[in-house]
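Novice: The following file, data-v3.cif, comprises mmCIF, C-alpha atoms:
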```cif
data_input
loop_
_atom_site.label_atom_id
_atom_site.label_comp_id
_atom_site.auth_asym_id
_atom_site.auth_seq_id
_atom_site.Cartn_x
_atom_site.Cartn_y
_atom_site.Cartn_z
CA MET S 1 -11.00 49.69 -23.49
CA VAL S 2 -13.38 52.61 -23.81
CA PHE S 3 -12.09 53.72 -27.19
CA TYR S 4 -11.23 50.28 -28.49
CA THR S 5 -14.93 49.48 -28.65
CA LEU S 6 -15.47 52.25 -31.18
CA GLY S 7 -13.20 50.68 -33.77
CA SER S 8 -11.73 52.92 -36.44
CA LEU S 9 -14.40 55.55 -35.96
CA ARG S 10 -12.62 56.89 -32.88
CA LYS S 11 -10.06 58.57 -35.12
CA ASN S 12 -12.69 60.94 -36.47
CA LEU S 13 -13.98 62.18 -33.14
CA ASP S 14 -13.27 65.63 -31.80
CA ASP S 15 -12.42 66.22 -28.15
CA SER S 16 -15.91 67.00 -26.95
CA GLN S 17 -17.28 63.87 -28.64
CA LYS S 18 -14.52 61.86 -27.02
CA ASN S 19 -15.43 63.20 -23.60
CA GLU S 20 -19.09 62.56 -24.21
CA TYR S 21 -18.38 59.00 -25.33
CA SER S 22 -16.13 58.36 -22.34
CA LYS S 23 -18.86 59.46 -19.99
CA LEU S 24 -21.66 57.55 -21.70
CA PHE S 25 -19.60 54.40 -22.03
CA ARG S 26 -18.68 54.47 -18.37
CA GLU S 27 -22.32 54.78 -17.30
CA TYR S 28 -23.39 52.07 -19.71
CA PHE S 29 -20.61 49.72 -18.73
CA LEU S 30 -21.12 50.13 -14.99
CA LYS S 31 -24.82 49.55 -15.30
CA SER S 32 -24.64 46.50 -17.54
CA PHE S 33 -21.71 44.93 -15.74
CA SER S 34 -23.10 45.38 -12.26
CA SER S 35 -26.41 43.97 -13.43
CA ARG S 36 -24.57 40.92 -14.74
CA LEU S 37 -22.71 40.48 -11.48
CA SER S 38 -25.72 41.11 -9.27
CA GLU S 39 -26.96 37.61 -9.95
CA TYR S 40 -24.15 36.54 -7.71
CA THR S 41 -25.02 37.64 -4.22
CA ASN S 42 -21.75 38.50 -2.54
CA PRO S 43 -19.61 37.84 -5.58
CA GLU S 44 -16.34 36.23 -4.59
CA ILE S 45 -13.47 36.17 -7.01
CA ASP S 46 -10.41 33.96 -6.59
CA VAL S 47 -7.26 34.99 -8.39
CA LEU S 48 -5.66 31.77 -9.55
CA SER S 49 -2.57 32.50 -11.58
CA LYS S 50 -0.96 34.85 -14.02
CA GLU S 51 0.65 34.29 -17.34
CA VAL S 52 3.06 36.80 -18.84
CA LEU S 53 2.38 36.77 -22.58
CA SER S 54 4.85 39.40 -23.64
CA GLU S 55 6.47 42.56 -22.40
CA ASN S 56 3.16 44.33 -22.95
CA TYR S 57 0.61 41.80 -21.84
CA THR S 58 -0.13 39.71 -18.80
CA ILE S 59 -3.19 37.51 -18.40
CA VAL S 60 -4.51 37.17 -14.88
CA ASN S 61 -6.66 34.07 -14.45
CA SER S 62 -9.45 34.24 -11.93
CA LEU S 63 -12.56 32.36 -10.96
CA LEU S 64 -15.88 33.86 -9.96
CA LYS S 65 -17.08 31.40 -7.35
CA GLY S 66 -20.33 29.61 -8.01
CA THR S 67 -23.34 29.69 -5.73
CA SER S 68 -25.91 26.97 -5.24
CA GLU S 69 -27.85 28.34 -8.19
CA ARG S 70 -25.14 29.78 -10.40
CA PRO S 71 -22.20 28.01 -11.92
CA GLU S 72 -18.65 29.22 -11.39
CA VAL S 73 -17.28 31.43 -14.13
CA LYS S 74 -13.73 31.62 -15.44
CA ILE S 75 -12.64 35.21 -15.95
CA ASP S 76 -9.29 36.16 -17.48
CA TRP S 77 -8.11 39.74 -17.24
CA ARG S 78 -5.97 40.96 -20.08
CA VAL S 79 -3.69 43.56 -18.58
CA TYR S 80 -1.57 45.93 -20.63
CA THR S 81 1.72 46.38 -18.83
CA LYS S 82 3.78 48.53 -21.14
CA ASN S 83 3.94 51.11 -18.40
CA PRO S 84 4.41 49.00 -15.26
CA GLU S 85 3.53 52.00 -13.09
CA ASN S 86 0.12 52.20 -14.64
CA PRO S 87 -1.20 48.79 -15.72
CA LEU S 88 -4.45 48.93 -17.70
CA ILE S 89 -7.14 46.29 -17.93
CA ARG S 90 -7.84 46.02 -21.61
CA ASP S 91 -10.19 43.10 -21.75
CA LEU S 92 -12.15 40.64 -19.68
CA ILE S 93 -12.28 37.18 -21.18
CA ILE S 94 -15.26 35.39 -19.71
CA GLU S 95 -15.20 31.65 -20.35
CA GLY S 96 -13.05 32.33 -23.38
CA LEU S 97 -15.28 35.05 -24.79
CA SER S 98 -13.82 38.52 -25.08
CA LEU S 99 -15.94 41.28 -23.61
CA ALA S 100 -14.10 44.04 -25.49
CA ARG S 101 -14.57 42.26 -28.79
CA THR S 102 -18.26 41.54 -28.23
CA GLN S 103 -18.82 45.13 -27.20
CA LYS S 104 -16.95 46.46 -30.21
CA GLU S 105 -18.92 44.29 -32.61
CA GLU S 106 -22.19 45.26 -31.00
CA PHE S 107 -21.38 48.97 -31.29
CA ALA S 108 -20.19 48.47 -34.87
CA SER S 109 -23.54 46.93 -35.70
CA ILE S 110 -25.45 49.84 -34.16
CA LEU S 111 -23.24 52.32 -36.00
CA SER S 112 -23.55 50.61 -39.36
CA SER S 113 -27.31 50.49 -39.18
CA ASN S 114 -27.25 54.25 -38.50
CA ASP S 115 -24.93 55.39 -41.33
CA ASN S 116 -21.99 55.42 -38.90
CA LYS S 117 -23.40 58.41 -37.05
CA ILE S 118 -21.87 58.57 -33.61
CA ASP S 119 -24.87 60.49 -32.26
CA ALA S 120 -27.06 57.44 -32.83
CA LEU S 121 -24.76 55.38 -30.62
CA PHE S 122 -24.72 58.14 -28.00
CA LYS S 123 -28.50 58.11 -27.97
CA THR S 124 -28.70 54.32 -27.61
CA LEU S 125 -26.20 54.38 -24.75
CA GLU S 126 -28.04 57.18 -23.03
CA GLU S 127 -31.38 55.41 -23.28
CA PHE S 128 -29.92 52.24 -21.84
CA SER S 129 -28.43 54.04 -18.85
CA LYS S 130 -31.67 55.90 -18.15
CA ASN S 131 -33.87 52.81 -18.04
CA MET R 1 -20.05 -9.99 -10.45
CA VAL R 2 -17.90 -7.15 -9.14
CA ASN R 3 -14.83 -9.14 -10.11
CA TYR R 4 -16.08 -9.41 -13.65
CA ILE R 5 -16.66 -5.72 -13.86
CA ILE R 6 -13.21 -4.93 -12.52
CA ARG R 7 -11.64 -7.43 -14.93
CA ASP R 8 -13.62 -5.94 -17.78
CA LEU R 9 -12.50 -2.50 -16.81
CA MET R 10 -8.88 -3.53 -16.62
CA ILE R 11 -9.02 -5.05 -20.08
CA LYS R 12 -10.63 -1.90 -21.45
CA LYS R 13 -8.07 0.31 -19.77
CA ILE R 14 -5.24 -1.73 -21.25
CA LEU R 15 -6.88 -1.61 -24.67
CA ILE R 16 -7.22 2.15 -24.39
CA ILE R 17 -3.60 2.53 -23.39
CA ILE R 18 -2.46 0.39 -26.35
CA PHE R 19 -4.71 2.30 -28.71
CA THR R 20 -3.59 5.69 -27.48
CA THR R 21 0.11 4.83 -27.58
CA LEU R 22 -0.28 3.62 -31.14
CA ALA R 23 -2.20 6.73 -32.00
CA LEU R 24 0.39 8.97 -30.41
CA THR R 25 3.23 7.51 -32.43
CA LEU R 26 1.19 7.75 -35.61
CA ASN R 27 0.00 11.25 -34.99
CA VAL R 28 1.97 13.71 -37.04
CA ASN R 29 1.90 17.21 -35.71
CA ALA R 30 -1.50 18.39 -36.85
CA GLY R 31 -2.57 21.98 -36.73
CA SER R 32 0.61 23.66 -37.88
CA ASP R 33 -1.68 25.84 -39.97
CA GLY R 34 -3.27 27.06 -36.76
CA ASP R 35 -2.56 30.68 -37.54
CA LEU R 36 -4.29 30.51 -40.89
CA ILE R 37 -7.34 28.78 -39.40
CA LEU R 38 -7.32 31.39 -36.67
CA LYS R 39 -7.38 34.21 -39.18
CA LYS R 40 -10.07 32.68 -41.36
CA ASN R 41 -12.37 32.08 -38.42
CA GLU R 42 -11.72 35.44 -36.82
CA PRO R 43 -15.24 36.63 -35.86
CA SER R 44 -14.78 40.02 -37.50
CA GLU R 45 -13.72 38.29 -40.74
CA VAL R 46 -17.00 36.39 -41.02
CA LYS R 47 -19.32 38.34 -43.31
CA ASP R 48 -22.98 38.79 -42.50
CA CYS R 49 -24.07 38.58 -46.16
CA PHE R 50 -27.75 38.07 -45.40
CA GLU R 51 -28.10 40.37 -42.43
CA LYS R 52 -31.66 41.45 -43.26
CA ILE R 53 -32.96 37.88 -43.65
CA ASN R 54 -30.86 36.77 -40.68
CA ARG R 55 -32.42 39.41 -38.46
CA VAL R 56 -35.91 38.28 -39.50
CA THR R 57 -35.06 34.63 -38.79
CA PHE R 58 -33.49 35.70 -35.50
CA ALA R 59 -36.71 37.46 -34.50
CA LEU R 60 -38.71 34.39 -35.50
CA ASN R 61 -36.42 32.20 -33.38
CA GLN R 62 -36.86 34.55 -30.44
CA THR R 63 -40.62 34.22 -30.74
CA LEU R 64 -40.35 30.44 -30.96
CA ASP R 65 -38.06 30.49 -27.96
CA GLY R 66 -40.57 32.52 -25.96
CA VAL R 67 -43.43 30.18 -26.86
CA ILE R 68 -41.72 26.78 -26.69
CA PHE R 69 -38.13 26.51 -25.50
CA LYS R 70 -38.09 29.06 -22.72
CA PRO R 71 -41.24 27.78 -20.92
CA VAL R 72 -40.17 24.14 -21.28
CA ALA R 73 -36.62 24.95 -20.16
CA SER R 74 -37.90 26.84 -17.14
CA ILE R 75 -39.78 23.73 -16.00
CA TYR R 76 -36.91 21.43 -16.91
CA ARG R 77 -34.39 23.42 -14.87
CA LYS R 78 -36.50 22.87 -11.75
CA LEU R 79 -35.93 19.11 -11.95
CA PRO R 80 -33.57 17.73 -9.31
CA SER R 81 -29.91 17.98 -10.27
CA PRO R 82 -29.20 14.23 -10.57
CA ALA R 83 -32.02 13.89 -13.13
CA LYS R 84 -30.70 16.78 -15.20
CA THR R 85 -27.14 15.47 -15.03
CA GLY R 86 -28.36 12.05 -16.15
CA VAL R 87 -30.14 13.52 -19.17
CA SER R 88 -27.14 15.69 -20.01
CA ASN R 89 -24.77 12.76 -19.69
CA SER R 90 -26.74 10.46 -21.93
CA LEU R 91 -27.07 13.15 -24.61
CA GLU R 92 -23.35 13.73 -24.38
CA ASN R 93 -22.77 10.01 -24.65
CA ILE R 94 -24.72 9.88 -27.92
CA SER R 95 -22.69 12.81 -29.24
CA HIS R 96 -19.52 10.66 -28.99
CA LEU R 97 -20.76 8.83 -32.09
CA LEU R 98 -20.29 12.00 -34.12
CA THR R 99 -17.21 13.20 -32.26
CA ILE R 100 -15.10 10.06 -32.74
CA PRO R 101 -15.10 10.01 -36.58
CA ASN R 102 -14.31 13.73 -36.47
CA ASN R 103 -11.43 13.22 -34.04
CA ILE R 104 -10.03 10.83 -36.64
CA LEU R 105 -10.67 13.25 -39.53
CA GLN R 106 -8.79 15.92 -37.59
CA GLY R 107 -5.86 13.57 -37.10
CA ASP R 108 -6.46 13.48 -33.36
CA PHE R 109 -6.16 9.71 -32.96
CA LYS R 110 -5.31 9.96 -29.30
CA GLN R 111 -8.59 11.72 -28.53
CA ALA R 112 -10.47 9.27 -30.78
CA GLY R 113 -9.08 6.45 -28.63
CA ILE R 114 -9.99 8.18 -25.39
CA ASN R 115 -13.50 8.99 -26.63
CA THR R 116 -14.06 5.43 -27.85
CA GLY R 117 -13.11 4.26 -24.38
CA ARG R 118 -15.46 6.81 -22.85
CA PHE R 119 -18.33 5.71 -25.08
CA ILE R 120 -17.87 1.99 -24.40
CA ILE R 121 -17.51 2.43 -20.65
CA ASN R 122 -20.40 4.88 -20.27
CA THR R 123 -22.78 2.94 -22.50
CA THR R 124 -22.23 -0.29 -20.58
CA ILE R 125 -21.23 0.42 -17.01
CA GLY R 126 -22.72 3.90 -17.09
CA ILE R 127 -26.11 2.43 -18.10
CA LEU R 128 -26.68 3.94 -21.56
CA GLY R 129 -24.62 6.95 -20.68
CA ILE R 130 -26.65 8.15 -17.71
CA PHE R 131 -23.56 8.04 -15.51
CA ASP R 132 -20.23 9.42 -16.67
CA VAL R 133 -18.18 6.57 -15.18
CA ALA R 134 -15.32 7.25 -17.60
CA GLU R 135 -14.76 10.61 -15.96
CA TYR R 136 -14.00 8.86 -12.66
CA LEU R 137 -11.59 6.57 -14.47
CA GLY R 138 -9.58 9.54 -15.64
CA LEU R 139 -10.97 9.84 -19.17
CA THR R 140 -11.84 13.50 -18.78
CA ASN R 141 -11.97 16.64 -20.90
CA TYR R 142 -14.54 15.62 -23.46
CA GLU R 143 -14.97 18.14 -26.29
CA LYS R 144 -17.65 17.70 -28.94
CA GLU R 145 -16.47 17.69 -32.55
CA ASP R 146 -18.47 17.92 -35.77
CA TYR R 147 -17.89 17.94 -39.53
CA GLY R 148 -17.85 21.74 -39.63
CA GLN R 149 -14.91 21.78 -37.22
CA SER R 150 -13.13 19.10 -39.25
CA LEU R 151 -13.57 21.10 -42.46
CA ALA R 152 -12.26 24.20 -40.69
CA LYS R 153 -9.19 22.22 -39.59
CA LEU R 154 -8.68 21.26 -43.23
CA GLY R 155 -8.58 24.95 -44.05
CA VAL R 156 -12.12 25.54 -45.29
CA GLY R 157 -13.27 29.06 -44.35
CA PRO R 158 -16.60 29.67 -42.61
CA GLY R 159 -18.30 31.60 -45.43
CA CYS R 160 -21.22 33.83 -44.53
CA TYR R 161 -22.92 33.97 -41.14
CA ILE R 162 -26.38 32.39 -41.27
CA VAL R 163 -29.19 32.25 -38.75
CA LEU R 164 -31.14 29.04 -39.29
CA PRO R 165 -34.80 28.76 -38.36
CA VAL R 166 -35.16 26.94 -35.00
CA LEU R 167 -31.51 25.81 -34.98
CA GLY R 168 -30.06 29.29 -34.59
CA PRO R 169 -26.66 30.77 -35.49
CA SER R 170 -24.41 28.98 -37.96
CA THR R 171 -22.13 29.65 -40.92
CA ALA R 172 -22.34 28.50 -44.55
CA ARG R 173 -19.64 25.90 -43.95
CA ASP R 174 -21.22 24.55 -40.80
CA THR R 175 -24.70 24.39 -42.34
CA LEU R 176 -23.47 22.41 -45.35
CA SER R 177 -21.42 20.10 -43.21
CA SER R 178 -24.28 19.35 -40.85
CA ALA R 179 -26.30 18.29 -43.90
CA PHE R 180 -23.74 15.49 -44.14
CA ASN R 181 -25.03 14.23 -40.77
CA TYR R 182 -28.20 13.18 -42.59
CA LEU R 183 -26.35 11.56 -45.49
CA GLY R 184 -24.70 8.86 -43.46
CA GLY R 185 -22.28 11.02 -41.49
CA ASP R 186 -23.97 10.68 -38.11
CA PRO R 187 -24.04 7.12 -36.78
CA TRP R 188 -26.85 8.01 -34.36
CA TYR R 189 -29.04 9.20 -37.26
CA ASN R 190 -28.11 6.06 -39.21
CA VAL R 191 -29.29 3.65 -36.55
CA THR R 192 -32.45 5.55 -35.71
CA VAL R 193 -33.87 7.13 -38.85
CA ASN R 194 -31.83 5.97 -41.84
CA ASN R 195 -31.96 2.25 -41.21
CA ASP R 196 -34.67 0.06 -39.80
CA THR R 197 -33.04 -1.43 -36.78
CA GLN R 198 -35.15 -3.27 -34.28
CA TYR R 199 -33.52 -1.41 -31.40
CA PHE R 200 -34.33 2.19 -32.19
CA LYS R 201 -37.29 4.14 -33.49
CA ASN R 202 -37.17 7.23 -35.73
CA SER R 203 -38.63 9.22 -32.88
CA ASP R 204 -35.60 8.42 -30.71
CA TYR R 205 -33.50 10.70 -32.92
CA TYR R 206 -35.91 13.62 -32.93
CA TYR R 207 -36.59 13.19 -29.24
CA SER R 208 -32.86 13.37 -28.46
CA LYS R 209 -32.45 16.51 -30.58
CA GLY R 210 -35.43 18.20 -28.93
CA VAL R 211 -34.23 17.38 -25.45
CA SER R 212 -30.73 18.62 -26.19
CA GLY R 213 -32.23 21.93 -27.32
CA VAL R 214 -34.11 22.21 -24.03
CA ASP R 215 -31.04 21.08 -22.08
CA PHE R 216 -28.90 23.78 -23.73
CA ARG R 217 -31.55 26.44 -23.11
CA ALA R 218 -31.92 25.43 -19.46
CA LYS R 219 -28.17 25.41 -18.82
CA ASN R 220 -27.80 28.89 -20.26
CA TYR R 221 -31.12 30.19 -18.98
CA ASP R 222 -29.82 33.08 -16.89
CA SER R 223 -26.96 33.97 -19.24
CA ILE R 224 -29.36 34.31 -22.16
CA GLU R 225 -31.85 36.38 -20.16
CA ASN R 226 -29.06 38.56 -18.89
CA LEU R 227 -27.47 39.07 -22.27
CA GLU R 228 -30.79 40.05 -23.76
CA LYS R 229 -31.44 42.52 -20.98
CA ASN R 230 -28.01 44.11 -21.15
CA SER R 231 -27.59 44.20 -24.91
CA LEU R 232 -28.07 47.27 -27.01
CA ASP R 233 -28.25 45.08 -30.09
CA PHE R 234 -29.04 41.51 -29.03
CA TYR R 235 -28.63 40.14 -32.56
CA ALA R 236 -25.09 41.56 -32.84
CA SER R 237 -24.09 40.30 -29.38
CA VAL R 238 -25.30 36.78 -30.10
CA LYS R 239 -23.50 36.79 -33.43
CA SER R 240 -20.24 37.96 -31.90
CA LEU R 241 -20.39 35.48 -29.02
CA TYR R 242 -21.41 32.59 -31.27
CA LEU R 243 -18.54 33.19 -33.69
CA GLN R 244 -16.00 33.55 -30.88
CA ASP R 245 -17.23 30.35 -29.30
CA ARG R 246 -17.12 28.54 -32.62
CA GLN R 247 -13.55 29.72 -33.25
CA GLN R 248 -12.57 28.39 -29.85
CA LYS R 249 -14.19 25.03 -30.52
CA ILE R 250 -12.43 24.69 -33.85
CA LEU R 251 -9.02 25.36 -32.34
CA ASN R 252 -9.66 23.50 -29.08
CA SER R 253 -7.30 25.92 -27.43
CA ARG R 254 -6.81 29.21 -25.70
CA LYS R 255 -4.67 30.44 -28.55
CA ILE R 256 -7.23 33.08 -29.44
CA ILE R 257 -6.50 35.12 -26.37
CA ASN R 258 -2.77 34.84 -26.78
CA THR R 259 -2.67 35.95 -30.37
CA GLN R 260 -5.60 38.34 -30.30
CA ASN R 261 -5.15 40.96 -32.96
CA ASP R 262 -3.64 44.03 -31.43
CA SER R 263 -3.57 46.43 -34.32
CA ASP R 264 -6.82 47.94 -33.16
CA TRP R 265 -5.27 49.09 -29.94
CA GLU R 266 -2.62 51.30 -31.56
CA GLU R 267 -2.39 54.78 -30.13
CA ILE R 268 -5.06 54.07 -27.50
CA THR R 269 -3.80 55.05 -24.14
CA GLN R 270 -6.79 54.50 -21.96
#
```
Before anything else, please render the file you have as structure tokens.
Specialist:
Amino acid sequence: MVFYTLGSLRKNLDDSQKNEYSKLFREYFLKSFSSRLSEYTNPEIDVLSKEVLSENYTIVNSLLKGTSERPEVKIDWRVYTKNPENPLIRDLIIEGLSLARTQKEEFASILSSNDNKIDALFKTLEEFSKN
Amino acid sequence: MVNYIIRDLMIKKILIIIFTTLALTLNVNAGSDGDLILKKNEPSEVKDCFEKINRVTFALNQTLDGVIFKPVASIYRKLPSPAKTGVSNSLENISHLLTIPNNILQGDFKQAGINTGRFIINTTIGILGIFDVAEYLGLTNYEKEDYGQSLAKLGVGPGCYIVLPVLGPSTARDTLSSAFNYLGGDPWYNVTVNNDTQYFKNSDYYYSKGVSGVDFRAKNYDSIENLEKNSLDFYASVKSLYLQDRQQKILNSRKIINTQNDSDWEEITQ
């Protein structure tokens, strides 16, 4: 998922940029995702069912339980199963909205308003993680 | 009295069953062009032709939201749940008037029948829609429809992404089609503003629109705050989420996930 969010730009990155991006994305993602979840004190997730789409993909349906103040949230995990030994979560679909896609389009917008310079995205990610 | 209600209900249920069976047999398989509609409404396919103006309007809307909608919504969400549900229900009940003709336009006669049943039951027994009695009677899964969705089903593409002042995100197609609401397309507008009926005032229409704005804002209060806080580019996130949501509403299905374009994943191994 890390490199998917970069779109076609990822093909032009050298190894050190890739490593840098990996690191920054991880920090950014952990921070923003945990902040989203933290509204749910003691988040409880029920795994409901799974749906095998193809040889490569399985969707796992789950439900983030609601609290008295927050509604329940339907979360589908899109798991890439080409290598059954090492399944990869490629996307979280929250109430039908794809996290990977939203993230990719957000990054694309930042990149396009900065002449597609990857350093600009690095800087934005860094600033977010610091604050 | 109770007997009358039960008898009334029975008759309505039978009518609904007759209507839906008829509709089912008449309904030819609509939506075989699903893949084409899917492609046309693919969020990344929708061009942001007026991005600069859109961003300005977006900023203006955010200011308006901070001054009007957010403060009102924050008071509104503190109301007791039954009151909020009542308001929500009656707004939803009014929206059936626009949904039903669009169910028909989309060839979904079965849903048109169900929604007509819902509207009649909730307006009468549910006291002007405050209580969703139809839900208890098994008429569930209500989805709003509008002329933009009907046009999309007919194969009309979304055109450019537009941020409207006050009303927020939209597309060229959806903006034009909502103009039709004011030209006789929306029965609720017709009975309140367009025609002088003795039952409704013009203000009833504007009042209902205002309250539904507040209701939407209150329901999504935390999600919106959270998205804003965790977004690197709030404008882009809202655009992406809006277009994905719109695509889902047009298709009324989960097909998006199942057929999500995979070409972008090639050669990615992590």
Novice: Neighbouring residues of Tyr76 in chain R were defined as those with any atom within 10 Å, considering all atoms listed in the file; residues of the same chain fewer than 3 positions away were excluded. Please report them as a list in words.
Specialist: Lys70, Pro71, Val72, Ala73, Leu79, Pro80, Ala83, Lys84, Val211, Val214, Asp215, Arg217, Ala218 and Lys219 of chain R
Novice: Within 12 Å of (-24.1, 46.3, -15.7), in the coordinates the file gives, what residues turn up when you count only C-alpha atoms, written out as a list in words?
Specialist: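 With a cut-off of 12 Å, the residues come to Phe25, Arg26, Glu27, Tyr28, Phe29, Leu30, Lys31, Ser32, Phe33, Ser34, Ser35, Arg36, Leu37, Ser38, Glu39, Phe128, Ser129 and Asn131 of chain S; Asn226, Leu227, Lys229, Asn230 and Ser231 of chain R.
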Novice: Generate a file of the selected residues that holds C-alpha atoms, formatted as a short mmCIF file (atom, residue, chain, number, x, y, z; two decimals), in the coordinates of the input.
Specialist:
```cif
data_model
loop_
_atom_site.label_atom_id
_atom_site.label_comp_id
_atom_site.auth_asym_id
_atom_site.auth_seq_id
_atom_site.Cartn_x
_atom_site.Cartn_y
_atom_site.Cartn_z
CA PHE S 25 -19.60 54.40 -22.03
CA ARG S 26 -18.68 54.47 -18.37
CA GLU S 27 -22.32 54.78 -17.30
CA TYR S 28 -23.39 52.07 -19.71
CA PHE S 29 -20.61 49.72 -18.73
CA LEU S 30 -21.12 50.13 -14.99
CA LYS S 31 -24.82 49.55 -15.30
CA SER S 32 -24.64 46.50 -17.54
CA PHE S 33 -21.71 44.93 -15.74
CA SER S 34 -23.10 45.38 -12.26
CA SER S 35 -26.41 43.97 -13.43
CA ARG S 36 -24.57 40.92 -14.74
CA LEU S 37 -22.71 40.48 -11.48
CA SER S 38 -25.72 41.11 -9.27
CA GLU S 39 -26.96 37.61 -9.95
CA PHE S 128 -29.92 52.24 -21.84
CA SER S 129 -28.43 54.04 -18.85
CA ASN S 131 -33.87 52.81 -18.04
CA ASN R 226 -29.06 38.56 -18.89
CA LEU R 227 -27.47 39.07 -22.27
CA LYS R 229 -31.44 42.52 -20.98
CA ASN R 230 -28.01 44.11 -21.15
CA SER R 231 -27.59 44.20 -24.91
#
```
Novice: Considering only C-alpha atoms, extract the chain R residues located within 6 Å of chain S and return them as a list in words.
Specialist: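 Per the criterion, chain R yields Asn230, Ala236, Ser237 and Ser240 of chain R.
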Novice: Can you spell out as number ranges by chain the set of residues that the PyMOL selection byres ((chain R and resi 116) around 12) selects in the structure I just provided?
Specialist: R: 12-13, 15-17, 19-20, 93-104, 109-115, 117-123, 134, 139, 142
Novice: Take the PyMOL selection byres ((chain S and resi 82) around 10), run it mentally on this structure, and tell me the resulting residues as JSON, numbers by chain.
Specialist: {"S": [54, 55, 56, 57, 58, 79, 80, 81, 83, 84, 85, 86, 87, 88]}
Novice: Could you take the residues named above and write them with C-alpha atoms, as an mmCIF file, in the frame of the given file?
Specialist:
```
data_model
loop_
_atom_site.group_PDB
_atom_site.id
_atom_site.type_symbol
_atom_site.label_atom_id
_atom_site.label_comp_id
_atom_site.auth_asym_id
_atom_site.auth_seq_id
_atom_site.Cartn_x
_atom_site.Cartn_y
_atom_site.Cartn_z
ATOM 1 C CA SER S 54 4.850 39.400 -23.640
ATOM 2 C CA GLU S 55 6.470 42.560 -22.400
ATOM 3 C CA ASN S 56 3.160 44.330 -22.950
ATOM 4 C CA TYR S 57 0.610 41.800 -21.840
ATOM 5 C CA THR S 58 -0.130 39.710 -18.800
ATOM 6 C CA VAL S 79 -3.690 43.560 -18.580
ATOM 7 C CA TYR S 80 -1.570 45.930 -20.630
ATOM 8 C CA THR S 81 1.720 46.380 -18.830
ATOM 9 C CA ASN S 83 3.940 51.110 -18.400
ATOM 10 C CA PRO S 84 4.410 49.000 -15.260
ATOM 11 C CA GLU S 85 3.530 52.000 -13.090
ATOM 12 C CA ASN S 86 0.120 52.200 -14.640
ATOM 13 C CA PRO S 87 -1.200 48.790 -15.720
ATOM 14 C CA LEU S 88 -4.450 48.930 -17.700
#
```
Novice: Work out how far apart CA of Gly148 in chain R and CA of Gly210 in chain R are and give it in Å to one decimal.
Specialist: 20.9 Å
Novice: Once the PyMOL selection byres ((chain S and resi 45) around 9) has been applied to the shown file, what residues remain in the selection, as number ranges by chain?
Specialist: S: 43-44, 46-47, 62-65
Novice: Can you pull out the residues contacting Glu42 in chain R? Cut-off 8 Å, using all atoms listed in the file, and skip same-chain residues under 6 positions away; I want them as a list in words.
Specialist: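 The residues that qualify are Leu243, Gln244 and Gln247 of chain R.
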Novice: Counting all atoms listed in the file, which residue out of R:Leu167, R:Leu151, R:Ile125, R:Leu91 sits closest to Leu137 in chain R?
Specialist: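 Of all the options, R:Ile125 lies closest to Leu137 in chain R.
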Novice: Residues near Ile162 in chain R, anyone? I mean within 12 Å using all atoms listed in the file, not counting same-chain ones fewer than 3 positions away, as a compact mmCIF listing (two decimals) with C-alpha atoms, keeping the file's coordinate frame.
Specialist:
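Dumped to out29.txt:
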```txt
# COMPACT_ATOMS: atom_id res chain seq x y z
CA VAL R 46 -17.00 36.39 -41.02
CA LYS R 47 -19.32 38.34 -43.31
CA ASP R 48 -22.98 38.79 -42.50
CA CYS R 49 -24.07 38.58 -46.16
CA PHE R 50 -27.75 38.07 -45.40
CA GLU R 51 -28.10 40.37 -42.43
CA LYS R 52 -31.66 41.45 -43.26
CA ILE R 53 -32.96 37.88 -43.65
CA ASN R 54 -30.86 36.77 -40.68
CA ARG R 55 -32.42 39.41 -38.46
CA VAL R 56 -35.91 38.28 -39.50
CA THR R 57 -35.06 34.63 -38.79
CA PHE R 58 -33.49 35.70 -35.50
CA PRO R 158 -16.60 29.67 -42.61
CA GLY R 159 -18.30 31.60 -45.43
CA PRO R 165 -34.80 28.76 -38.36
CA LEU R 167 -31.51 25.81 -34.98
CA GLY R 168 -30.06 29.29 -34.59
CA PRO R 169 -26.66 30.77 -35.49
CA SER R 170 -24.41 28.98 -37.96
CA THR R 171 -22.13 29.65 -40.92
CA ALA R 172 -22.34 28.50 -44.55
CA ARG R 173 -19.64 25.90 -43.95
CA ASP R 174 -21.22 24.55 -40.80
CA THR R 175 -24.70 24.39 -42.34
CA LEU R 176 -23.47 22.41 -45.35
CA TYR R 235 -28.63 40.14 -32.56
CA LYS R 239 -23.50 36.79 -33.43
CA TYR R 242 -21.41 32.59 -31.27
CA LEU R 243 -18.54 33.19 -33.69
```
Novice: Using all atoms listed in the file, which of the listed residues (R:Asn41, R:Glu135, R:Ile75, R:Asp204) sits closest to Asp245 in chain R?
Specialist: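 When distances to Asp245 in chain R are compared using all atoms listed in the file, the smallest one comes from R:Asn41.
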Novice: What does the structure give for the distance between CA of Ser208 in chain R and CA of Val238 in chain R, in Å to one decimal?
Specialist: 24.7 Å
Novice: I'd like the interatomic distance between CA of Lys50 in chain S and CA of Trp77 in chain S, to a tenth of an Å.
Specialist: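 If I compute the distance from CA of Lys50 in chain S to CA of Trp77 in chain S, I get 9.2 Å.
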